[in-house]
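Enquirer: Handing over entry-v4.tsv, TSV, C-alpha atoms.
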chain	number	residue	atom	x	y	z
A	215	MET	CA	-185.91	-39.08	-103.66
A	216	GLY	CA	-189.69	-39.50	-103.49
A	217	ILE	CA	-192.18	-37.63	-101.30
A	218	LEU	CA	-190.13	-37.88	-98.09
A	219	GLY	CA	-187.16	-36.39	-99.93
A	220	ASP	CA	-189.33	-33.59	-101.35
A	221	TRP	CA	-190.55	-32.79	-97.84
A	222	GLY	CA	-187.07	-32.99	-96.33
A	223	ILE	CA	-188.10	-35.54	-93.71
A	224	LYS	CA	-186.52	-38.83	-92.64
A	225	PRO	CA	-188.25	-42.18	-91.96
A	226	ASP	CA	-187.39	-42.01	-88.23
A	227	GLU	CA	-189.02	-38.57	-88.06
A	228	ILE	CA	-192.16	-39.96	-89.68
A	229	ASP	CA	-192.10	-42.72	-87.06
A	230	ASP	CA	-191.89	-40.10	-84.26
A	231	ILE	CA	-194.84	-38.19	-85.73
A	232	LEU	CA	-197.00	-41.30	-86.06
A	233	SER	CA	-196.09	-42.49	-82.55
A	234	SER	CA	-197.33	-39.25	-81.01
A	235	ARG	CA	-200.53	-38.81	-83.06
A	236	PRO	CA	-203.03	-41.69	-82.75
A	237	SER	CA	-205.59	-39.99	-85.00
A	238	LEU	CA	-203.04	-39.72	-87.80
A	239	ARG	CA	-202.14	-43.39	-87.36
A	240	GLY	CA	-205.81	-44.30	-87.76
A	241	ILE	CA	-206.14	-42.31	-90.98
A	242	LEU	CA	-202.94	-43.77	-92.41
A	243	MET	CA	-203.96	-47.30	-91.37
A	244	GLY	CA	-207.15	-46.92	-93.40
A	245	PHE	CA	-205.28	-45.92	-96.55
A	246	ILE	CA	-202.67	-48.66	-96.09
A	247	ALA	CA	-205.46	-51.22	-95.59
A	248	GLU	CA	-206.99	-50.22	-98.94
A	249	TYR	CA	-203.59	-50.61	-100.60
A	250	LYS	CA	-202.90	-53.95	-98.90
A	251	ILE	CA	-206.25	-55.51	-99.73
A	252	SER	CA	-205.87	-54.61	-103.39
A	253	GLN	CA	-202.52	-56.43	-103.40
A	254	LEU	CA	-203.47	-59.43	-101.26
A	255	TRP	CA	-206.97	-60.20	-102.55
A	256	PHE	CA	-207.97	-58.07	-105.54
A	257	ASN	CA	-204.83	-58.75	-107.58
A	258	ASP	CA	-206.38	-62.01	-108.73
A	259	LYS	CA	-207.09	-63.30	-112.23
A	260	ARG	CA	-210.75	-63.84	-111.27
A	261	ILE	CA	-211.10	-60.10	-110.70
A	262	SER	CA	-211.00	-57.51	-113.49
A	263	ASN	CA	-211.61	-53.79	-113.99
A	264	LEU	CA	-210.56	-52.91	-110.43
A	265	VAL	CA	-211.29	-49.28	-109.58
A	266	ARG	CA	-210.59	-47.43	-106.34
A	267	TYR	CA	-213.17	-44.68	-105.81
A	268	GLU	CA	-212.30	-41.25	-104.47
A	269	ASN	CA	-212.88	-40.98	-100.71
A	270	HIS	CA	-215.16	-37.95	-101.00
A	271	ASP	CA	-217.17	-39.20	-103.97
A	272	ARG	CA	-220.66	-39.59	-102.51
A	273	THR	CA	-221.98	-41.09	-105.73
A	274	SER	CA	-219.82	-44.20	-105.22
A	275	LEU	CA	-221.28	-46.96	-103.04
A	276	GLY	CA	-217.97	-48.29	-101.73
A	277	ASP	CA	-214.19	-47.93	-101.70
A	278	PHE	CA	-213.56	-50.32	-104.60
A	279	GLY	CA	-215.42	-51.63	-107.60
A	280	PHE	CA	-214.53	-54.57	-109.84
A	281	SER	CA	-215.94	-57.23	-112.14
A	282	TYR	CA	-216.31	-60.81	-110.94
A	283	ARG	CA	-217.84	-63.54	-113.11
A	284	GLY	CA	-219.45	-60.89	-115.29
A	285	GLU	CA	-221.03	-59.00	-112.38
A	286	ASN	CA	-220.11	-55.57	-111.01
A	287	ILE	CA	-219.16	-55.74	-107.32
A	288	THR	CA	-218.70	-52.90	-104.82
A	289	VAL	CA	-216.54	-53.22	-101.70
A	290	GLN	CA	-216.48	-51.20	-98.50
A	291	VAL	CA	-213.24	-51.36	-96.44
A	292	LYS	CA	-213.22	-50.73	-92.67
A	293	SER	CA	-210.60	-51.14	-89.94
A	294	LEU	CA	-210.64	-52.58	-86.43
A	295	GLN	CA	-210.51	-50.04	-83.60
A	296	THR	CA	-207.32	-50.66	-81.64
A	297	ASN	CA	-208.75	-49.47	-78.31
A	298	SER	CA	-211.67	-51.91	-78.59
A	299	ILE	CA	-209.55	-55.09	-78.65
A	300	ARG	CA	-209.72	-57.44	-75.68
A	301	GLN	CA	-208.72	-60.99	-74.90
A	302	THR	CA	-211.56	-63.44	-74.26
A	303	ALA	CA	-211.71	-67.06	-73.16
A	304	SER	CA	-212.12	-68.13	-76.79
A	305	GLY	CA	-209.74	-65.72	-78.51
A	306	LEU	CA	-209.83	-62.02	-79.37
A	307	GLU	CA	-212.68	-59.57	-79.72
A	308	GLY	CA	-212.92	-56.05	-81.08
A	309	LYS	CA	-215.18	-53.58	-82.83
A	310	PHE	CA	-215.09	-51.47	-85.98
A	311	GLN	CA	-217.00	-48.45	-87.20
A	312	CYS	CA	-219.29	-49.37	-90.08
A	313	ASP	CA	-220.72	-46.03	-91.11
A	314	ALA	CA	-220.27	-43.07	-93.43
A	315	SER	CA	-217.81	-40.30	-92.58
A	316	ASP	CA	-220.61	-37.75	-92.27
A	317	LYS	CA	-224.37	-37.43	-92.39
A	318	ARG	CA	-225.90	-37.49	-95.85
A	319	ARG	CA	-229.31	-38.01	-97.42
A	320	VAL	CA	-229.95	-41.57	-98.51
A	321	LYS	CA	-232.79	-43.39	-100.20
A	322	LEU	CA	-233.93	-46.59	-98.52
A	323	PRO	CA	-235.02	-49.67	-100.51
A	324	ASN	CA	-238.64	-48.85	-99.64
A	325	GLY	CA	-238.29	-45.46	-101.36
A	326	GLU	CA	-238.14	-43.39	-98.15
A	327	GLU	CA	-235.40	-40.74	-97.87
A	328	ILE	CA	-233.66	-39.88	-94.59
A	329	GLU	CA	-230.49	-38.16	-93.35
A	330	THR	CA	-228.10	-40.54	-91.58
A	331	THR	CA	-224.50	-41.65	-91.09
A	332	CYS	CA	-225.65	-45.29	-91.29
A	333	LEU	CA	-224.77	-47.32	-94.35
A	334	VAL	CA	-227.75	-48.71	-96.24
A	335	VAL	CA	-228.54	-52.40	-96.61
A	336	GLY	CA	-227.74	-53.24	-100.21
A	337	GLY	CA	-225.74	-50.04	-100.66
A	338	PHE	CA	-222.61	-52.07	-101.43
A	339	ASP	CA	-221.94	-55.78	-101.91
A	340	LEU	CA	-218.94	-56.88	-99.87
A	341	LEU	CA	-217.51	-55.64	-96.57
A	342	ALA	CA	-213.78	-56.11	-95.92
A	343	VAL	CA	-212.54	-55.47	-92.37
A	344	ASN	CA	-208.87	-54.85	-91.77
A	345	ILE	CA	-208.04	-56.88	-88.62
A	346	PHE	CA	-204.28	-56.19	-88.61
A	347	GLN	CA	-204.39	-55.10	-84.96
A	348	PHE	CA	-205.48	-58.55	-83.75
A	349	ARG	CA	-202.16	-60.23	-84.59
A	350	ASN	CA	-200.00	-57.51	-86.19
A	351	ARG	CA	-200.28	-59.11	-89.60
A	352	TRP	CA	-202.19	-58.06	-92.69
A	353	GLU	CA	-205.40	-60.06	-92.49
A	354	PHE	CA	-208.94	-59.20	-93.53
A	355	ALA	CA	-212.38	-60.49	-92.61
A	356	PHE	CA	-215.11	-60.48	-95.24
A	357	ALA	CA	-218.90	-60.37	-94.99
A	358	LYS	CA	-221.87	-59.94	-97.28
A	359	ASN	CA	-223.69	-56.64	-96.87
A	360	ALA	CA	-227.03	-58.41	-96.40
A	361	ASP	CA	-225.63	-60.47	-93.48
A	362	LEU	CA	-224.43	-57.51	-91.40
A	363	PRO	CA	-226.29	-56.45	-88.22
A	364	ARG	CA	-228.91	-53.70	-88.43
A	365	THR	CA	-229.01	-50.55	-86.36
A	366	LYS	CA	-230.99	-50.56	-83.13
A	367	SER	CA	-230.89	-46.79	-82.73
A	368	ARG	CA	-234.20	-45.33	-81.58
A	369	LYS	CA	-233.61	-42.37	-83.88
A	370	TYR	CA	-235.12	-44.57	-86.58
A	371	THR	CA	-238.46	-46.29	-86.85
A	372	PRO	CA	-238.54	-50.13	-86.90
A	373	ALA	CA	-239.32	-49.91	-90.62
A	374	GLN	CA	-236.21	-47.76	-91.18
A	375	GLN	CA	-233.97	-49.89	-88.95
A	376	GLN	CA	-234.33	-52.95	-91.18
A	377	TYR	CA	-232.69	-51.01	-94.03
A	378	LEU	CA	-229.80	-49.45	-92.04
A	379	LEU	CA	-226.59	-51.17	-90.92
A	380	ALA	CA	-225.31	-50.92	-87.35
A	381	THR	CA	-222.63	-48.25	-87.01
A	382	LEU	CA	-220.49	-50.21	-84.52
A	383	VAL	CA	-219.98	-53.93	-85.19
A	384	ARG	CA	-218.37	-56.62	-83.04
A	385	ILE	CA	-215.86	-59.01	-84.60
A	386	THR	CA	-213.89	-61.91	-83.13
A	387	LEU	CA	-210.87	-64.06	-83.84
A	388	PRO	CA	-211.37	-66.90	-84.61
A	389	LEU	CA	-213.90	-65.43	-87.01
A	390	GLN	CA	-217.59	-66.11	-86.52
A	391	ASP	CA	-220.52	-65.68	-88.89
A	392	PRO	CA	-221.06	-63.61	-90.91
A	393	PHE	CA	-217.30	-63.05	-91.28
A	394	ARG	CA	-214.99	-65.23	-93.35
A	395	ALA	CA	-211.24	-65.23	-93.98
A	396	GLU	CA	-211.49	-65.07	-97.79
A	397	PRO	CA	-213.87	-63.24	-100.16
A	398	PHE	CA	-214.40	-65.61	-103.07
A	399	GLY	CA	-217.02	-67.87	-101.48
A	400	ILE	CA	-219.04	-64.76	-100.63
A	401	LEU	CA	-218.57	-63.34	-104.12
A	402	ASP	CA	-219.85	-66.60	-105.62
A	403	GLU	CA	-222.95	-66.34	-103.41
A	404	ILE	CA	-223.54	-62.72	-104.42
A	405	VAL	CA	-223.29	-63.61	-108.11
A	406	ALA	CA	-225.56	-66.65	-107.73
A	407	GLU	CA	-228.21	-64.64	-105.84
A	408	ARG	CA	-228.09	-61.82	-108.37
A	409	GLN	CA	-228.40	-64.17	-111.34
A	410	LYS	CA	-231.31	-66.01	-109.68
A	411	ARG	CA	-233.16	-62.72	-109.17
A	412	GLN	CA	-232.58	-61.87	-112.81
A	413	GLN	CA	-233.91	-65.27	-113.90
A	414	ASP	CA	-236.93	-64.93	-111.61
A	415	ASN	CA	-237.68	-61.50	-113.08
A	416	VAL	CA	-237.48	-62.88	-116.61
A	417	SER	CA	-239.75	-65.80	-115.65
A	418	SER	CA	-242.32	-63.54	-113.99
A	419	LYS	CA	-242.42	-61.23	-117.03
A	420	GLY	CA	-242.84	-64.25	-119.31
A	421	ALA	CA	-245.70	-65.56	-117.18
A	422	SER	CA	-247.51	-62.22	-117.32
What's the structure tokens form of this structure?

Expert:
Amino acid sequence: MGILGDWGIKPDEIDDILSSRPSLRGILMGFIAEYKISQLWFNDKRISNLVRYENHDRTSLGDFGFSYRGENITVQVKSLQTNSIRQTASGLEGKFQCDASDKRRVKLPNGEEIETTCLVVGGFDLLAVNIFQFRNRWEFAFAKNADLPRTKSRKYTPAQQQYLLATLVRITLPLQDPFRAEPFGILDEIVAERQKRQQDNVSSKGAS
């Protein structure tokens, strides 16, 4: 029977509930997006050790973690806001929330600690945006954490702003930089950059 049978509810009743409760649709869309992306993109032989982190686990730096070319990768999944979508001369445009669910204390790369809902630059590796609402099909846009826009909020000093991601980000279709339609080119860049830093560190230690 499954969960619907246990609850004594029919699919058409679920449809009625979702149709009348936009906030519930948004929550469910987020969970479905995480399921869909794991099937469409992370069910790939190049990816191993896929883990989905608990939503309320503040120690995790993303929604998913996996291994790619010997490197550990963290992924944050976000969804397009339906009420932000508009037609433009060149296609479609919308926005998505790119922040934490609540305020928490974070440590910035410069060692400073602040309380914020902003996500931290370098706090995860790959952003995946669910853009289903653009064309009513399961599509995702991918971007490297380091390429995402920074916050301009005056609540933070200029020094802090450079380490905090913008909480509301614009995205278009056709996609424009820094967004891409597939993740593997970005993952290759992340791995290459990480390995270069490791080599540079080894070289600098050898020189000293």

Enquirer: Ranking A:Lys259, A:Gly276, A:Arg283, A:Gly325 by minimum distance to Gly337 of chain A and counting all atoms listed in the file, which one comes first?

Expert: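 Ranking A:Lys259, A:Gly276, A:Arg283, A:Gly325 by distance to Gly337 of chain A, first place goes to A:Gly276.
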
Enquirer: Need the axis-aligned box for segment 227-239 of chain A with 4 Å each side, so what are the centre and edges in Å to one decimal, as lines of an AutoDock Vina configuration file?

Expert:
center_x = -197.3
center_y = -40.8
center_z = -85.3
size_x = 24.6
size_y = 13.2
size_z = 16.7

Enquirer: Could you list, with a cut-off of 12 Å and counting all atoms listed in the file, the residues of segment 262-337 of chain A near segment 398-414 of chain A, each shown with its nearest atom pair and the distance in Å rounded to one decimal, rows sorted by chain and ascending number, as a tab-separated table?

Expert:
residue	atom	partner	partner_atom	distance
A:Phe280	CA	A:Leu401	CA	11.2
A:Ser281	CA	A:Leu401	CA	10.4
A:Tyr282	CA	A:Leu401	CA	7.6
A:Arg283	CA	A:Val405	CA	7.4
A:Gly284	CA	A:Val405	CA	8.6
A:Glu285	CA	A:Val405	CA	6.7
A:Asn286	CA	A:Val405	CA	9.1
A:Ile287	CA	A:Leu401	CA	8.3
A:Thr288	CA	A:Leu401	CA	10.5
A:Val289	CA	A:Leu401	CA	10.6
A:Gly336	CA	A:Ile404	CA	11.2

Enquirer: What is the distance, in Å and to one decimal place, between atom CA of Glu353 of chain A and atom CA of Ile385 of chain A?

Expert: 13.1 Å

Enquirer: By how many Å are atom CA of Val343 of chain A and atom CA of Gln290 of chain A apart?

Expert: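 Separation between atom CA of Val343 of chain A and atom CA of Gln290 of chain A: 8.4 Å.
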
Enquirer: Select, from A:Lys292, A:Arg394, A:Arg349, A:Arg318, the residue with the minimum atom-to-atom distance to Met243 of chain A, counting all atoms listed in the file.

Expert: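 Using all atoms listed in the file, Met243 of chain A sits closest to A:Lys292.
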
Enquirer: What gap, in Å, lies between atom CA of Leu264 of chain A and atom CA of Gly279 of chain A?

Expert: 5.8 Å

Enquirer: May I ask which of the residues A:Thr330, A:Gln374, A:Asn415, A:Thr302 is the closest one to Ala314 of chain A, counting all atoms listed in the file?

Expert: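 Using all atoms listed in the file, the shortest distance to Ala314 of chain A belongs to A:Thr330.
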
Enquirer: Just want the 10 Å neighbourhood of Phe278 of chain A, counted on all atoms listed in the file, with same-chain residues fewer than 3 positions away dropped. Output as a list in words.

Expert: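 Once the nearby chain positions are removed, what remains is Glu248, Ser252, Phe256, Leu264, Val265, Arg266, Tyr267, Glu268, Ser274, Leu275, Ile287, Thr288, Val289, Gln290, Val291, Phe338 and Leu340 of chain A.
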
Enquirer: Show me, as a PyMOL selection string, the residues that have an atom within 12 Å of Arg239 of chain A when counting only C-alpha atoms, minus same-chain residues fewer than 5 positions from it.

Expert: chain A and resi 228-234+244-247+293+295-296

Enquirer: The residues within 8 Å of (-211.4, -64.4, -97.5), using only C-alpha atoms and the coordinates of the file, should be reported as a list in words; which are they?

Expert: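 Residues with an atom at most 8 Å from (-211.4, -64.4, -97.5): Trp255, Phe354, Ala355, Phe356, Arg394, Ala395, Glu396, Pro397, Phe398 and Gly399 of chain A.
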
Enquirer: For a quick check of understanding, using all atoms listed in the file, which of A:Val334, A:Pro388, A:Arg319, A:Phe346 has the smallest distance to Gly305 of chain A?

Expert: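 Among the listed residues, the smallest separation from Gly305 of chain A belongs to A:Pro388.
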
Enquirer: My list of candidates is A:Ile261, A:Ala421, A:Cys312, A:Ala342. Which is closest to Pro363 of chain A when distances are computed with only C-alpha atoms?

Expert: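 Smallest separation from Pro363 of chain A among the options: A:Cys312.
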